>>> print(open('target_4.txt').read())   # compact mmCIF, C-alpha atoms
# COMPACT_ATOMS: atom_id res chain seq x y z
CA MET A 16 22.13 22.39 -6.07
CA ARG A 17 25.64 21.45 -4.99
CA LYS A 18 27.84 19.10 -6.99
CA VAL A 19 31.47 18.04 -7.07
CA VAL A 20 33.46 18.97 -10.17
CA GLN A 21 37.09 19.07 -11.27
CA HIS A 22 38.90 21.27 -13.76
CA SER A 23 42.16 19.36 -14.03
CA LEU A 24 43.61 15.87 -13.65
CA ASN A 25 45.54 15.35 -10.45
CA GLY A 26 45.18 14.33 -6.82
CA PRO A 27 42.06 14.56 -4.65
CA GLU A 28 42.61 18.28 -4.18
CA VAL A 29 41.19 18.96 -7.66
CA LEU A 30 37.69 18.00 -6.45
CA GLU A 31 35.62 21.03 -5.48
CA VAL A 32 32.00 21.68 -4.59
CA VAL A 33 30.17 24.23 -6.75
CA GLU A 34 26.62 25.48 -7.14
CA ALA A 35 24.84 24.30 -10.28
CA ASP A 36 21.35 24.24 -11.76
CA VAL A 37 19.21 21.21 -11.03
CA PRO A 38 19.27 19.17 -14.27
CA GLU A 39 16.11 18.47 -16.25
CA PRO A 40 15.27 14.86 -17.10
CA GLY A 41 15.30 14.22 -20.83
CA LEU A 42 13.25 11.75 -22.83
CA THR A 43 12.93 8.42 -20.94
CA GLU A 44 14.97 9.85 -18.05
CA VAL A 45 14.26 10.42 -14.37
CA LEU A 46 15.48 13.13 -12.00
CA VAL A 47 16.74 11.61 -8.74
CA GLU A 48 17.33 13.49 -5.51
CA VAL A 49 20.54 11.89 -4.28
CA ARG A 50 20.42 10.63 -0.72
CA ALA A 51 23.78 8.87 -0.95
CA ALA A 52 26.47 8.29 -3.59
CA GLY A 53 28.98 5.45 -3.71
CA VAL A 54 32.72 6.01 -4.08
CA ASN A 55 34.58 3.48 -6.22
CA PRO A 56 38.17 2.98 -7.43
CA VAL A 57 37.11 3.94 -10.95
CA ASP A 58 36.23 7.37 -9.55
CA TRP A 59 39.78 8.24 -8.53
CA LYS A 60 41.22 6.56 -11.62
CA VAL A 61 39.08 8.87 -13.76
CA ARG A 62 40.00 11.85 -11.57
CA ARG A 63 43.69 11.14 -12.17
CA GLY A 64 43.22 10.56 -15.91
CA ASP A 65 44.07 6.84 -15.76
CA MET A 66 40.99 5.90 -17.80
CA GLY A 67 41.88 7.99 -20.83
CA TYR A 68 38.95 10.38 -20.65
CA PHE A 69 38.09 13.40 -18.55
CA PRO A 70 34.58 14.11 -17.28
CA PHE A 71 34.13 17.33 -15.35
CA SER A 72 32.48 15.49 -12.49
CA VAL A 73 32.89 11.96 -11.18
CA GLY A 74 30.68 9.37 -9.54
CA TRP A 75 28.12 6.85 -10.78
CA ASP A 76 26.65 4.95 -7.83
CA VAL A 77 23.52 6.61 -6.54
CA SER A 78 20.60 5.96 -4.21
CA GLY A 79 17.77 8.41 -3.84
CA VAL A 80 14.22 9.49 -4.55
CA VAL A 81 12.61 10.17 -7.93
CA ARG A 82 11.66 13.87 -8.13
CA GLY A 83 10.96 14.25 -11.83
CA ILE A 84 9.88 12.13 -14.79
CA GLY A 85 10.84 12.67 -18.43
CA ALA A 86 8.51 11.96 -21.31
CA GLY A 87 8.09 8.28 -22.06
CA VAL A 88 8.95 6.92 -18.60
CA THR A 89 6.55 4.22 -17.40
CA ARG A 90 8.62 2.36 -14.79
CA PHE A 91 8.68 4.91 -11.97
CA LYS A 92 6.62 7.63 -10.35
CA VAL A 93 7.64 10.65 -8.30
CA GLY A 94 8.49 9.54 -4.78
CA ASP A 95 9.87 6.11 -5.69
CA GLU A 96 13.11 5.20 -3.94
CA VAL A 97 15.63 3.94 -6.49
CA PHE A 98 19.26 2.97 -6.90
CA GLY A 99 21.44 2.63 -9.96
CA MET A 100 24.60 3.38 -11.91
CA PRO A 101 23.42 5.75 -14.66
CA ARG A 102 25.35 6.43 -17.85
CA PHE A 103 28.48 4.45 -16.94
CA PRO A 104 31.17 4.79 -18.26
CA LEU A 105 30.03 8.17 -19.60
CA GLU A 106 29.69 11.14 -17.26
CA ALA A 107 26.87 10.94 -14.72
CA GLY A 108 28.00 13.34 -11.99
CA ALA A 109 26.59 11.35 -9.07
CA TYR A 110 28.57 13.39 -6.52
CA ALA A 111 25.70 15.86 -6.41
CA GLU A 112 22.35 16.63 -4.78
CA PHE A 113 20.46 15.71 -7.96
CA VAL A 114 21.26 13.50 -10.92
CA THR A 115 19.45 12.44 -14.09
CA GLY A 116 19.71 9.18 -15.95
CA PRO A 117 17.85 6.74 -18.21
CA SER A 118 15.00 5.23 -16.24
CA ARG A 119 15.98 1.71 -17.25
CA GLN A 120 19.36 2.11 -15.61
CA PHE A 121 17.67 2.33 -12.19
CA ALA A 122 15.71 -0.15 -10.09
CA LEU A 123 13.49 0.13 -7.05
CA GLU A 124 15.62 0.18 -3.93
CA PRO A 125 15.51 -3.05 -1.88
CA SER A 126 13.67 -2.58 1.39
CA GLY A 127 16.42 -4.31 3.37
CA LEU A 128 18.99 -1.54 2.84
CA SER A 129 19.32 2.08 3.91
CA HIS A 130 20.07 4.69 1.26
CA VAL A 131 23.68 4.72 2.46
CA GLN A 132 24.01 0.97 1.93
CA ALA A 133 22.08 0.95 -1.35
CA ALA A 134 24.45 3.56 -2.79
CA GLY A 135 27.28 1.07 -2.38
CA LEU A 136 25.57 -1.71 -4.29
CA PRO A 137 25.20 -0.84 -8.02
CA LEU A 138 28.72 -0.66 -9.49
CA ALA A 139 30.39 -3.21 -7.21
CA GLY A 140 27.38 -5.53 -7.13
CA LEU A 141 26.83 -5.43 -10.88
CA THR A 142 30.55 -6.03 -11.43
CA ALA A 143 30.49 -9.12 -9.22
CA TRP A 144 27.25 -10.48 -10.71
CA GLN A 145 28.14 -9.85 -14.36
CA ALA A 146 31.61 -11.38 -13.93
CA LEU A 147 30.70 -14.43 -11.86
CA VAL A 148 27.28 -15.26 -13.28
CA SER A 149 26.74 -13.59 -16.65
CA THR A 150 30.30 -14.21 -17.89
CA ALA A 151 31.61 -17.28 -16.04
CA GLY A 152 28.24 -18.97 -15.44
CA LEU A 153 29.15 -19.81 -11.83
CA GLU A 154 27.27 -22.87 -10.56
CA ALA A 155 26.99 -24.81 -7.33
CA GLY A 156 30.07 -26.84 -6.43
CA ARG A 157 32.49 -24.72 -8.47
CA ARG A 158 35.65 -23.38 -6.82
CA VAL A 159 36.02 -19.60 -7.11
CA LEU A 160 39.03 -17.48 -6.11
CA ILE A 161 38.31 -13.89 -5.07
CA PRO A 162 41.35 -11.76 -4.20
CA ALA A 163 40.62 -8.78 -1.92
CA GLY A 164 37.57 -10.49 -0.46
CA ALA A 165 36.97 -7.66 2.00
CA GLY A 166 36.94 -4.94 -0.66
CA GLY A 167 34.04 -3.20 -2.34
CA VAL A 168 33.62 -5.71 -5.17
CA GLY A 169 35.17 -8.57 -3.22
CA HIS A 170 32.82 -8.61 -0.23
CA LEU A 171 29.79 -8.64 -2.53
CA ALA A 172 31.34 -11.27 -4.81
CA VAL A 173 31.94 -13.59 -1.85
CA GLN A 174 28.27 -13.35 -0.90
CA ILE A 175 27.03 -13.83 -4.48
CA ALA A 176 29.28 -16.86 -5.03
CA THR A 177 28.20 -18.36 -1.71
CA SER A 178 24.55 -17.82 -2.59
CA ARG A 179 25.05 -19.91 -5.72
CA GLY A 180 26.55 -22.81 -3.82
CA ALA A 181 30.17 -22.25 -4.88
CA TYR A 182 33.24 -23.12 -2.80
CA VAL A 183 34.75 -19.69 -2.09
CA ILE A 184 38.45 -19.00 -1.57
CA ALA A 185 39.26 -15.35 -0.78
CA THR A 186 42.32 -13.35 0.15
CA ALA A 187 42.46 -10.68 2.83
CA SER A 188 44.77 -9.36 5.51
CA ALA A 189 44.70 -11.40 8.73
CA ALA A 190 42.70 -8.72 10.56
CA LYS A 191 39.84 -9.12 8.07
CA HIS A 192 39.62 -12.92 8.00
CA ASP A 193 36.71 -13.15 10.42
CA PHE A 194 34.78 -10.58 8.39
CA VAL A 195 35.34 -12.42 5.11
CA ARG A 196 34.39 -15.76 6.68
CA SER A 197 31.21 -14.18 8.01
CA LEU A 198 30.26 -13.44 4.41
CA GLY A 199 30.50 -17.12 3.50
CA ALA A 200 34.10 -17.72 2.39
CA ASP A 201 35.27 -21.31 2.90
CA GLU A 202 38.96 -20.43 2.90
CA VAL A 203 40.68 -17.10 3.53
CA ILE A 204 44.37 -16.65 2.68
CA ASP A 205 46.53 -13.94 4.23
CA TYR A 206 48.08 -12.48 1.10
CA ARG A 207 50.65 -10.58 3.16
CA ASN A 208 52.21 -13.72 4.64
CA ALA A 209 51.61 -16.37 1.99
CA ASP A 210 52.09 -16.87 -1.72
CA VAL A 211 48.49 -17.14 -2.85
CA ALA A 212 49.29 -19.12 -6.01
CA SER A 213 51.05 -21.79 -3.94
CA ARG A 214 48.02 -22.16 -1.65
CA VAL A 215 45.32 -22.82 -4.22
CA ASP A 216 44.61 -25.44 -6.87
CA ASP A 217 41.78 -26.49 -9.18
CA VAL A 218 40.16 -23.06 -9.46
CA ASP A 219 37.13 -22.97 -11.74
CA VAL A 220 36.60 -19.21 -11.69
CA LEU A 221 39.18 -16.51 -10.95
CA LEU A 222 37.80 -13.02 -10.28
CA ALA A 223 40.91 -10.90 -10.81
CA THR A 224 40.01 -7.93 -8.63
CA VAL A 225 43.64 -6.91 -8.00
CA ALA A 226 45.71 -5.69 -10.94
CA GLY A 227 48.90 -7.56 -11.73
CA GLN A 228 47.93 -10.96 -10.33
CA LEU A 229 46.06 -12.39 -13.31
CA GLU A 230 48.85 -14.26 -15.08
CA ASP A 231 50.20 -15.91 -11.94
CA LEU A 232 46.83 -17.01 -10.58
CA ALA A 233 45.43 -18.10 -13.95
CA ARG A 234 47.88 -21.03 -13.85
CA LYS A 235 45.67 -22.52 -11.15
CA LEU A 236 42.60 -22.73 -13.37
CA THR A 237 41.03 -26.06 -14.22
CA PRO A 238 40.52 -26.96 -17.89
CA GLY A 239 37.50 -24.95 -19.02
CA GLY A 240 37.89 -22.52 -16.11
CA TRP A 241 37.34 -18.79 -16.36
CA ALA A 242 39.61 -15.83 -15.54
CA ILE A 243 37.84 -12.45 -15.52
CA ALA A 244 40.03 -9.34 -15.36
CA LEU A 245 38.38 -6.28 -13.81
CA ASN A 246 41.29 -3.84 -14.21
CA GLY A 247 42.26 -2.25 -17.48
CA ALA A 248 45.91 -2.90 -16.61
CA ASP A 249 45.18 -6.62 -17.01
CA ALA A 250 43.27 -6.35 -20.30
CA GLU A 251 46.22 -7.26 -22.50
CA THR A 252 47.17 -10.17 -20.21
CA ALA A 253 43.60 -11.45 -20.40
CA ARG A 254 43.65 -11.25 -24.21
CA ARG A 255 46.96 -13.09 -24.39
CA LEU A 256 45.77 -15.83 -22.03
CA SER A 257 42.64 -16.32 -24.13
CA GLU A 258 44.88 -17.10 -27.13
CA THR A 259 46.39 -20.02 -25.19
CA GLY A 260 43.02 -21.74 -24.91
CA LEU A 261 41.96 -20.41 -21.53
CA HIS A 262 38.61 -18.74 -21.01
CA SER A 263 39.94 -15.29 -20.14
CA ALA A 264 38.49 -11.83 -20.71
CA PHE A 265 38.60 -8.24 -19.50
CA MET A 266 35.15 -7.15 -18.36
CA LEU A 267 33.78 -3.65 -17.88
CA VAL A 268 30.58 -3.43 -15.89
CA GLU A 269 27.43 -2.17 -17.63
CA PRO A 270 24.27 -0.53 -16.27
CA ASP A 271 21.55 -3.18 -16.36
CA ARG A 272 18.06 -2.93 -14.87
CA ALA A 273 17.50 -6.68 -14.82
CA ASP A 274 20.75 -7.34 -12.98
CA LEU A 275 19.96 -4.56 -10.46
CA GLU A 276 16.64 -6.28 -9.77
CA ILE A 277 18.43 -9.59 -9.20
CA LEU A 278 20.73 -7.88 -6.68
CA ALA A 279 17.66 -6.39 -4.99
CA SER A 280 16.10 -9.85 -4.77
CA LEU A 281 19.25 -11.22 -3.15
CA VAL A 282 19.11 -8.43 -0.58
CA HIS A 283 15.44 -9.13 0.05
CA SER A 284 16.13 -12.84 0.59
CA GLY A 285 18.86 -12.08 3.12
CA ALA A 286 21.65 -13.47 0.94
CA LEU A 287 23.34 -10.13 0.24
CA THR A 288 24.09 -6.97 2.14
CA VAL A 289 26.45 -4.02 1.77
CA HIS A 290 29.09 -3.34 4.40
CA VAL A 291 29.79 0.39 4.73
CA ASP A 292 33.22 1.32 6.05
CA LYS A 293 33.07 5.13 6.11
CA VAL A 294 30.57 7.85 5.24
CA PHE A 295 31.71 11.35 4.23
CA PRO A 296 29.68 14.52 3.56
CA LEU A 297 29.68 15.72 -0.03
CA GLY A 298 32.08 18.53 0.81
CA GLN A 299 34.68 15.97 1.87
CA ALA A 300 34.82 14.08 -1.43
CA ALA A 301 38.57 14.66 -1.55
CA GLU A 302 38.99 13.06 1.87
CA ALA A 303 36.86 10.12 0.72
CA HIS A 304 39.18 9.64 -2.26
CA ARG A 305 42.27 9.86 -0.08
CA PHE A 306 40.89 7.17 2.20
CA GLY A 307 39.92 4.96 -0.73
CA GLU A 308 43.32 5.24 -2.35
CA THR A 309 44.99 3.80 0.74
CA GLY A 310 43.47 0.44 -0.23
CA ARG A 311 42.55 -0.23 3.40
CA SER A 312 38.79 0.12 3.28
CA THR A 313 36.54 -2.78 4.21
CA GLY A 314 33.46 -2.78 2.01
CA LYS A 315 32.22 0.53 0.69
CA ILE A 316 32.86 4.28 1.03
CA ILE A 317 29.81 6.55 0.74
CA LEU A 318 29.15 10.27 0.24
CA VAL A 319 26.02 11.91 1.66
CA PRO A 320 24.87 15.31 0.30
CA TYR A 321 23.70 17.04 3.48
CA LYS A 322 21.25 19.86 2.94
CA SER A 323 22.18 22.18 5.80
CA ALA A 324 24.45 22.48 8.82
CA CYS A 325 21.62 21.37 11.11
CA CYS A 326 20.76 18.47 8.84
CA GLU A 327 24.43 17.58 8.57
CA ALA A 328 24.74 17.29 12.35
CA THR A 329 21.66 15.05 12.49
CA ALA A 330 22.96 12.92 9.67
CA ARG A 331 26.39 12.60 11.25
CA ARG A 332 24.79 11.24 14.43
CA ALA A 333 22.76 8.73 12.41
CA VAL A 334 25.81 7.65 10.45
CA ARG A 335 27.86 7.16 13.61
CA ALA A 336 25.06 5.12 15.18
CA ALA A 337 24.72 2.94 12.09
CA LEU A 338 28.45 2.35 11.79
CA ARG A 339 28.71 1.44 15.48
CA ASN A 340 26.22 -1.32 14.75
CA ARG A 341 27.49 -2.33 11.33
CA TRP A 342 25.58 -5.43 10.47
CA MET A 343 27.79 -8.45 9.95
CA GLY A 344 25.20 -11.24 10.09
CA PRO A 345 24.58 -13.44 13.12
CA GLY A 346 25.73 -17.03 12.83
CA LEU A 347 26.36 -17.84 9.17
CA GLN A 348 24.58 -21.05 8.17
CA ASP A 349 25.59 -23.31 5.30
CA ARG A 350 24.22 -21.20 2.45
CA ARG A 351 25.94 -23.42 -0.10
CA THR A 352 23.70 -26.32 0.92
CA ALA A 353 20.66 -24.03 0.87
CA ALA A 354 21.55 -22.88 -2.64
CA ILE A 355 21.95 -26.42 -3.92
CA ARG A 356 18.60 -27.46 -2.45
CA ALA A 357 16.75 -24.29 -3.43
CA GLY A 358 14.07 -23.87 -6.02
CA PRO A 359 14.02 -23.02 -9.73
CA PRO A 360 16.93 -21.40 -11.57
CA MET A 361 17.16 -17.61 -11.66
CA GLY A 362 19.31 -15.10 -13.47
CA GLY A 363 21.96 -16.60 -15.75
CA GLY A 364 21.01 -20.23 -15.25
CA GLY A 365 22.00 -20.42 -11.59
CA ARG A 366 19.94 -21.49 -8.64
CA SER A 367 17.58 -19.37 -6.61
CA MET A 368 18.29 -18.48 -3.03
CA GLY A 369 17.59 -20.61 -0.02
CA PRO A 370 15.58 -19.37 2.97
CA LYS A 371 16.50 -16.11 4.58
CA GLU A 372 19.36 -16.68 6.98
CA ARG A 373 20.24 -13.22 8.23
CA SER A 374 18.32 -10.45 9.89
CA ALA A 375 17.80 -7.11 8.18
CA PRO A 376 20.62 -4.56 8.44
CA PRO A 377 20.02 -1.39 10.43
CA ALA A 378 18.56 1.57 8.57
CA LEU A 379 19.80 5.12 8.94
CA THR A 380 17.04 7.26 10.36
CA SER A 381 18.22 10.75 9.54
CA PRO A 382 15.63 12.82 7.61
CA CYS A 383 18.49 13.94 5.40
CA MET A 384 18.93 10.42 4.02
>>> encode(input="target_4.txt", output="C-alpha cells")
Amino acid sequence: MRKVVQHSLNGPEVLEVVEADVPEPGLTEVLVEVRAAGVNPVDWKVRRGDMGYFPFSVGWDVSGVVRGIGAGVTRFKVGDEVFGMPRFPLEAGAYAEFVTGPSRQFALEPSGLSHVQAAGLPLAGLTAWQALVSTAGLEAGRRVLIPAGAGGVGHLAVQIATSRGAYVIATASAAKHDFVRSLGADEVIDYRNADVASRVDDVDVLLATVAGQLEDLARKLTPGGWAIALNGADAETARRLSETGLHSAFMLVEPDRADLEILASLVHSGALTVHVDKVFPLGQAAEAHRFGETGRSTGKIILVPYKSACCEATARRAVRAALRNRWMGPGLQDRRTAAIRAGPPMGGGGRSMGPKERSAPPALTSPCM
C-alpha cells in the first residue's frame, strides 16, 4: 500500500509517499481501507515538531471500509463503512491506503455524508462537541462566541451550538459572513475590521479556536461562564485564568465512540454537515498542508488515496462535480426554536434535535471513494 511518511521535522516538503505493507489488525482492532483522510492543523503542527513528539507519519481523521477484523471485535463486520480518529494523539498514519485502530474508536458512517465529507468530521466534530457540550454543558439560550466560525472546527461548532438552541456569535472575514450565517450564526463579526472584544458582551461560553485571543476575550464572560482553549499555546493562559475563579481549561480532543455516534445522529437529523473546501490526492499531501497553513480554508481539507491513474481521473471528476455543488443548506429555519421545543435530552444533558430542516448533501460517486 501507499502511505505518507516523514523522516525529519520541517516544512511540507518533508512529506513523501512510500510503499509499505498493509498492517494487520491487532486484538480488538479493525483494518480499514481508507477512502478519504482529513487534514487538520494538528497535522502540520506535528510535522513541524510543534507538538513535542515526532511520529513518522501524520494524520488521524479517516473514513473508509472495514477490510479486516482482529480477535475480540464484535461491533463491526467486513464491509461496514466507518469513520473515526484512531489512536489520537499517538501515531495512526491515516495518510495511507489502509489503517488499523481500536474498533471502539470508530463508528458507522452516517448515511447523509460521502466518504470525503465523513473524513472531515471526526477530529473537528469531536473537538467542537467535547468542548461545547461535554466540558461547558452548553444549553439552549446560552450565548456562545466562536472565533473562526468558517474554519474546520468553527463551522461544525456553529452548527452544534445552533442545534442546542444557543445564541451563536462567530467571527469570520467579510467574504465568509453569508456562509457562517447559513450555518446558523446569529451574529458574525468581521475580525479584520473590528475589535471583537469591543463588539461582544455577556458571553456564556467562549470556544477559543484561535491562539492568542483567550485572555482578551475571556473578559467578556458572564459569571459562571466557560472559556475552553483548543491550542496548546493558550494552555498556560487557561490555567492562570482558572485560578482567578473563571471556568477555564485547555482541552485536547479524545477518540470517543459514543460522541462519534452523536455526531452521526446530528448528521442523520439534518442538523450537521461537513463543508469541504479542497480535495487533494494522497501524493499531494504537501500541497494540502501548504494550503491549510495559509489559514484561508473554509471548512475542511481532504486527502483521497487514489488507486490508479485511471481511477484518479475518475475521482477528480467526481470531486470537481461535488465541489461545484457544495451543499450549503437551502433556507435556514430557526433551529434554535426547534431545539428548545424538541424532545428528550441527549448526549451531555442537552436537548435532542428538532425536525430535519436541510436536504441531504451530495454524495461523491467515484468508485475510488
>>> closest_residue(input="target_4.txt", among="A:Leu278, A:Ala172, A:Ile243, A:Leu222", to="Gly127 (chain A)", atoms="only C-alpha atoms")
A:Leu278
>>> closest_atom_pairs(input="target_4.txt", of="region 63-182 of chain A", to="region 188-210 of chain A", cutoff="9 Å", atoms="only C-alpha atoms", output="JSON lines")
{"residue": "A:Pro162", "atom": "CA", "partner": "A:Tyr206", "partner_atom": "CA", "distance": 8.6}
{"residue": "A:Ala163", "atom": "CA", "partner": "A:Ser188", "partner_atom": "CA", "distance": 8.5}
{"residue": "A:Gly164", "atom": "CA", "partner": "A:Val195", "partner_atom": "CA", "distance": 6.3}
{"residue": "A:Ala165", "atom": "CA", "partner": "A:Val195", "partner_atom": "CA", "distance": 5.9}
{"residue": "A:His170", "atom": "CA", "partner": "A:Val195", "partner_atom": "CA", "distance": 7.0}
{"residue": "A:Leu171", "atom": "CA", "partner": "A:Leu198", "partner_atom": "CA", "distance": 8.5}
{"residue": "A:Val173", "atom": "CA", "partner": "A:Ala200", "partner_atom": "CA", "distance": 6.3}
{"residue": "A:Gln174", "atom": "CA", "partner": "A:Leu198", "partner_atom": "CA", "distance": 5.7}
{"residue": "A:Ala176", "atom": "CA", "partner": "A:Gly199", "partner_atom": "CA", "distance": 8.6}
{"residue": "A:Thr177", "atom": "CA", "partner": "A:Gly199", "partner_atom": "CA", "distance": 5.8}
{"residue": "A:Ser178", "atom": "CA", "partner": "A:Gly199", "partner_atom": "CA", "distance": 8.5}
{"residue": "A:Tyr182", "atom": "CA", "partner": "A:Asp201", "partner_atom": "CA", "distance": 6.3}
>>> atom_distance(input="target_4.txt", atom1="CA of Trp241 (chain A)", atom2="CA of Leu261 (chain A)")
7.1 Å
>>> closest_residue(input="target_4.txt", among="A:Glu31, A:Glu44, A:Glu39, A:Asp217", to="Val73 (chain A)", atoms="only C-alpha atoms")
A:Glu31
>>> atom_distance(input="target_4.txt", atom1="CA of Ala143 (chain A)", atom2="CA of Gly227 (chain A)")
18.6 Å
>>> residues_near_point(input="target_4.txt", point="(39.3, -11.7, -14.6)", cutoff="10 Å", atoms="all atoms listed in the file", output="MDAnalysis selection string")
chainID A and resid 146:147 150:151 161 220:226 228:230 233 241:246 249:250 252:253 262:266
